[in-house]
Structure formats: structure tokens, C-alpha cells
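K.L.:
For reference, this is upload_3.pdb, and it has PDB, C-alpha atoms, pLDDT in the B column.
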MODEL        1
ATOM      1  CA  MET A   4     -23.146 251.115 -26.322  1.00 56.00           C
ATOM      2  CA  VAL A   5     -24.204 254.703 -26.866  1.00 63.00           C
ATOM      3  CA  ALA A   6     -27.999 255.118 -26.929  1.00 58.00           C
ATOM      4  CA  ASP A   7     -28.067 256.862 -30.315  1.00 63.00           C
ATOM      5  CA  GLN A   8     -26.165 253.919 -31.859  1.00 68.00           C
ATOM      6  CA  PHE A   9     -28.672 251.304 -30.691  1.00 68.00           C
ATOM      7  CA  PRO A  10     -30.820 250.610 -33.771  1.00 61.00           C
ATOM      8  CA  MET A  11     -33.828 249.170 -31.957  1.00 76.00           C
ATOM      9  CA  GLU A  12     -34.418 252.420 -30.050  1.00 80.00           C
ATOM     10  CA  ARG A  13     -35.080 254.231 -33.319  1.00 77.00           C
ATOM     11  CA  TYR A  14     -37.582 251.659 -34.526  1.00 78.00           C
ATOM     12  CA  ILE A  15     -39.251 250.539 -31.293  1.00 79.00           C
ATOM     13  CA  VAL A  16     -39.336 253.705 -29.172  1.00 79.00           C
ATOM     14  CA  ARG A  17     -39.585 256.368 -31.891  1.00 79.00           C
ATOM     15  CA  VAL A  18     -41.562 254.044 -34.208  1.00 82.00           C
ATOM     16  CA  GLU A  19     -39.609 255.014 -37.324  1.00 79.00           C
ATOM     17  CA  THR A  20     -40.577 252.864 -40.289  1.00 82.00           C
ATOM     18  CA  GLU A  21     -37.870 253.880 -42.758  1.00 83.00           C
ATOM     19  CA  THR A  22     -34.791 251.701 -42.338  1.00 79.00           C
ATOM     20  CA  ARG A  23     -31.328 252.560 -43.525  1.00 76.00           C
ATOM     21  CA  PRO A  24     -28.402 250.380 -44.578  1.00 75.00           C
ATOM     22  CA  PRO A  25     -26.229 248.935 -41.813  1.00 76.00           C
ATOM     23  CA  ASP A  26     -22.986 250.723 -40.956  1.00 72.00           C
ATOM     24  CA  TYR A  27     -20.853 248.061 -42.645  1.00 70.00           C
ATOM     25  CA  LEU A  28     -22.484 248.863 -45.990  1.00 70.00           C
ATOM     26  CA  LEU A  29     -22.184 252.619 -45.536  1.00 68.00           C
ATOM     27  CA  LYS A  30     -18.403 252.355 -45.161  1.00 69.00           C
ATOM     28  CA  ILE A  31     -17.779 250.675 -48.517  1.00 64.00           C
ATOM     29  CA  ASP A  32     -18.538 251.279 -52.171  1.00 60.00           C
ATOM     30  CA  PRO A  33     -22.355 251.460 -52.307  1.00 51.00           C
ATOM     31  CA  VAL A  34     -22.593 249.665 -55.650  1.00 52.00           C
ATOM     32  CA  TYR A  35     -20.569 246.500 -55.011  1.00 54.00           C
ATOM     33  CA  TYR A  36     -19.652 244.507 -51.971  1.00 53.00           C
ATOM     34  CA  GLN A  37     -18.258 241.063 -51.279  1.00 53.00           C
ATOM     35  CA  ILE A  38     -20.440 238.185 -50.052  1.00 52.00           C
ATOM     36  CA  GLU A  39     -19.076 234.634 -49.904  1.00 47.00           C
ATOM     37  CA  ASN A  40     -16.227 235.334 -52.341  1.00 45.00           C
ATOM     38  CA  ASP A  41     -18.586 236.578 -55.069  1.00 50.00           C
ATOM     39  CA  THR A  42     -19.107 240.228 -55.904  1.00 42.00           C
ATOM     40  CA  PHE A  43     -22.787 241.042 -55.948  1.00 47.00           C
ATOM     41  CA  CYS A  44     -24.445 244.182 -57.167  1.00 49.00           C
ATOM     42  CA  PRO A  45     -27.334 245.035 -54.810  1.00 51.00           C
ATOM     43  CA  LEU A  46     -29.532 245.468 -57.869  1.00 45.00           C
ATOM     44  CA  ASN A  47     -28.853 241.857 -58.917  1.00 50.00           C
ATOM     45  CA  TRP A  48     -30.085 239.639 -56.084  1.00 55.00           C
ATOM     46  CA  ASP A  49     -31.745 237.021 -58.274  1.00 57.00           C
ATOM     47  CA  ASP A  50     -29.472 234.051 -57.526  1.00 60.00           C
ATOM     48  CA  ARG A  51     -31.363 232.677 -54.507  1.00 58.00           C
ATOM     49  CA  ARG A  52     -30.630 229.123 -55.693  1.00 63.00           C
ATOM     50  CA  PHE A  53     -26.958 229.690 -54.777  1.00 62.00           C
ATOM     51  CA  TYR A  54     -27.971 229.886 -51.127  1.00 70.00           C
ATOM     52  CA  GLY A  55     -30.713 227.205 -51.275  1.00 81.00           C
ATOM     53  CA  LEU A  56     -33.458 229.663 -50.326  1.00 86.00           C
ATOM     54  CA  ASN A  57     -37.110 229.898 -51.289  1.00 87.00           C
ATOM     55  CA  ASN A  58     -38.640 233.253 -52.302  1.00 86.00           C
ATOM     56  CA  ALA A  59     -39.646 234.346 -48.779  1.00 89.00           C
ATOM     57  CA  GLN A  60     -36.274 233.334 -47.317  1.00 90.00           C
ATOM     58  CA  HIS A  61     -34.507 235.132 -50.145  1.00 88.00           C
ATOM     59  CA  LEU A  62     -36.317 238.398 -49.364  1.00 88.00           C
ATOM     60  CA  ALA A  63     -35.560 238.022 -45.647  1.00 91.00           C
ATOM     61  CA  PHE A  64     -31.887 237.225 -46.393  1.00 90.00           C
ATOM     62  CA  LYS A  65     -31.584 240.352 -48.524  1.00 87.00           C
ATOM     63  CA  ALA A  66     -33.308 242.494 -45.872  1.00 89.00           C
ATOM     64  CA  ALA A  67     -31.126 241.124 -43.077  1.00 90.00           C
ATOM     65  CA  LEU A  68     -27.940 242.021 -44.956  1.00 87.00           C
ATOM     66  CA  THR A  69     -28.990 245.376 -46.390  1.00 85.00           C
ATOM     67  CA  GLU A  70     -31.146 246.958 -43.675  1.00 86.00           C
ATOM     68  CA  GLU A  71     -30.070 248.173 -40.258  1.00 83.00           C
ATOM     69  CA  PHE A  72     -33.085 246.574 -38.557  1.00 84.00           C
ATOM     70  CA  CYS A  73     -34.907 243.479 -39.747  1.00 88.00           C
ATOM     71  CA  ILE A  74     -37.340 241.115 -38.024  1.00 90.00           C
ATOM     72  CA  ILE A  75     -37.620 237.594 -39.382  1.00 94.00           C
ATOM     73  CA  GLN A  76     -40.657 235.691 -38.149  1.00 95.00           C
ATOM     74  CA  GLY A  77     -42.782 232.763 -39.202  1.00 94.00           C
ATOM     75  CA  PRO A  78     -44.468 229.604 -38.001  1.00 96.00           C
ATOM     76  CA  PRO A  79     -42.515 226.451 -37.127  1.00 96.00           C
ATOM     77  CA  GLY A  80     -40.838 224.758 -40.051  1.00 94.00           C
ATOM     78  CA  THR A  81     -40.491 227.782 -42.326  1.00 93.00           C
ATOM     79  CA  GLY A  82     -36.689 227.897 -42.199  1.00 93.00           C
ATOM     80  CA  LYS A  83     -35.985 230.704 -39.714  1.00 95.00           C
ATOM     81  CA  THR A  84     -33.084 228.830 -38.095  1.00 95.00           C
ATOM     82  CA  PHE A  85     -31.729 227.769 -41.487  1.00 94.00           C
ATOM     83  CA  LEU A  86     -31.931 231.359 -42.691  1.00 93.00           C
ATOM     84  CA  GLY A  87     -30.327 232.687 -39.502  1.00 94.00           C
ATOM     85  CA  LEU A  88     -27.396 230.315 -40.028  1.00 93.00           C
ATOM     86  CA  LYS A  89     -27.022 231.472 -43.649  1.00 89.00           C
ATOM     87  CA  ILE A  90     -27.041 235.118 -42.539  1.00 88.00           C
ATOM     88  CA  ALA A  91     -24.518 234.497 -39.745  1.00 90.00           C
ATOM     89  CA  HIS A  92     -22.296 232.463 -42.078  1.00 87.00           C
ATOM     90  CA  THR A  93     -22.364 235.211 -44.707  1.00 82.00           C
ATOM     91  CA  LEU A  94     -21.554 237.960 -42.194  1.00 82.00           C
ATOM     92  CA  LEU A  95     -18.717 235.930 -40.654  1.00 83.00           C
ATOM     93  CA  LYS A  96     -17.237 235.099 -44.077  1.00 77.00           C
ATOM     94  CA  LYS A  97     -17.172 238.800 -44.927  1.00 65.00           C
TER      95      LYS A  97
ENDMDL
END
Rewrite the structure of this file - the entire thing - as C-alpha cells.

P.N.:
Amino acid sequence: MVADQFPMERYIVRVETETRPPDYLLKIDPVYYQIENDTFCPLNWDDRRFYGLNNAQHLAFKAALTEEFCIIQGPPGTGKTFLGLKIAHTLLKK
């Protein structure tokens, strides 16, 4: 991997706080993209019930799919593993 393509270097070493969309979103139409056979507009992310997520998980799910770098943390029992599986499933389905 080329050093300038490693996203953590930008955020950890250079301490940049502004994130950008991941490469897979930059290569497609910025208004619509396909997630789990449904077309979602990034401005319309209100259907968290579809994924079985609470509010905090919903925000983390959105960040994980729309930002190049995202840290998901929390105490035991808050659904980090569940959320990670949902994110991985969504990325693999796409």
C-alpha cells in the first residue's frame, strides 16, 4: 500500500479532523448509491428500523459507510459487534 493512500496516516499522524468520503463513493454518482438492493439518497437516512439499529448505532453506521475514517467505540453490550456485522454485510452486498 502506498503511504499517501493509507487513510489512518492522515488522521493519526497529521491529526486532520476533516474526513472525506471513501473512494468507493467518489467513483459513483454522488447523489444515489445502492445499499442492500435499495437505492438510498444520502440526505434520506431516516430508515434505521430497516437495519434494526438504535439512534447511536444508526449514526455510526452512516459514518462508517460515508466517511473514509471512522472509529466506533463504546462500553460492553452497546452493539459494536452487531454494528460491525451490519457494516460488513452491507459492504459485501454492494

K.L.:
Identify the residues within 12 Å of coordinate (-28.4, 241.2, -45.1) (same frame as the file), considering all atoms listed in the file, and give the answer as a PyMOL selection string.

P.N.:
chain A and resi 23-28+36-38+45+48+60-75+86-87+89-95+97

K.L.:
How many Å separate CA of Gly77 (chain A) from CA of Thr22 (chain A)?

P.N.:
20.8 Å

K.L.:
Can you measure CA of Ala59 (chain A) to CA of Thr20 (chain A) for me? One decimal in Å is fine.

P.N.:
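We find that CA of Ala59 (chain A) and CA of Thr20 (chain A) lie 20.4 Å from each other.
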
K.L.:
Can you tell me how far CA of Met11 (chain A) sits from CA of Asn57 (chain A), in Å to one decimal?

P.N.:
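If I compute the distance from CA of Met11 (chain A) to CA of Asn57 (chain A), I get 27.5 Å.
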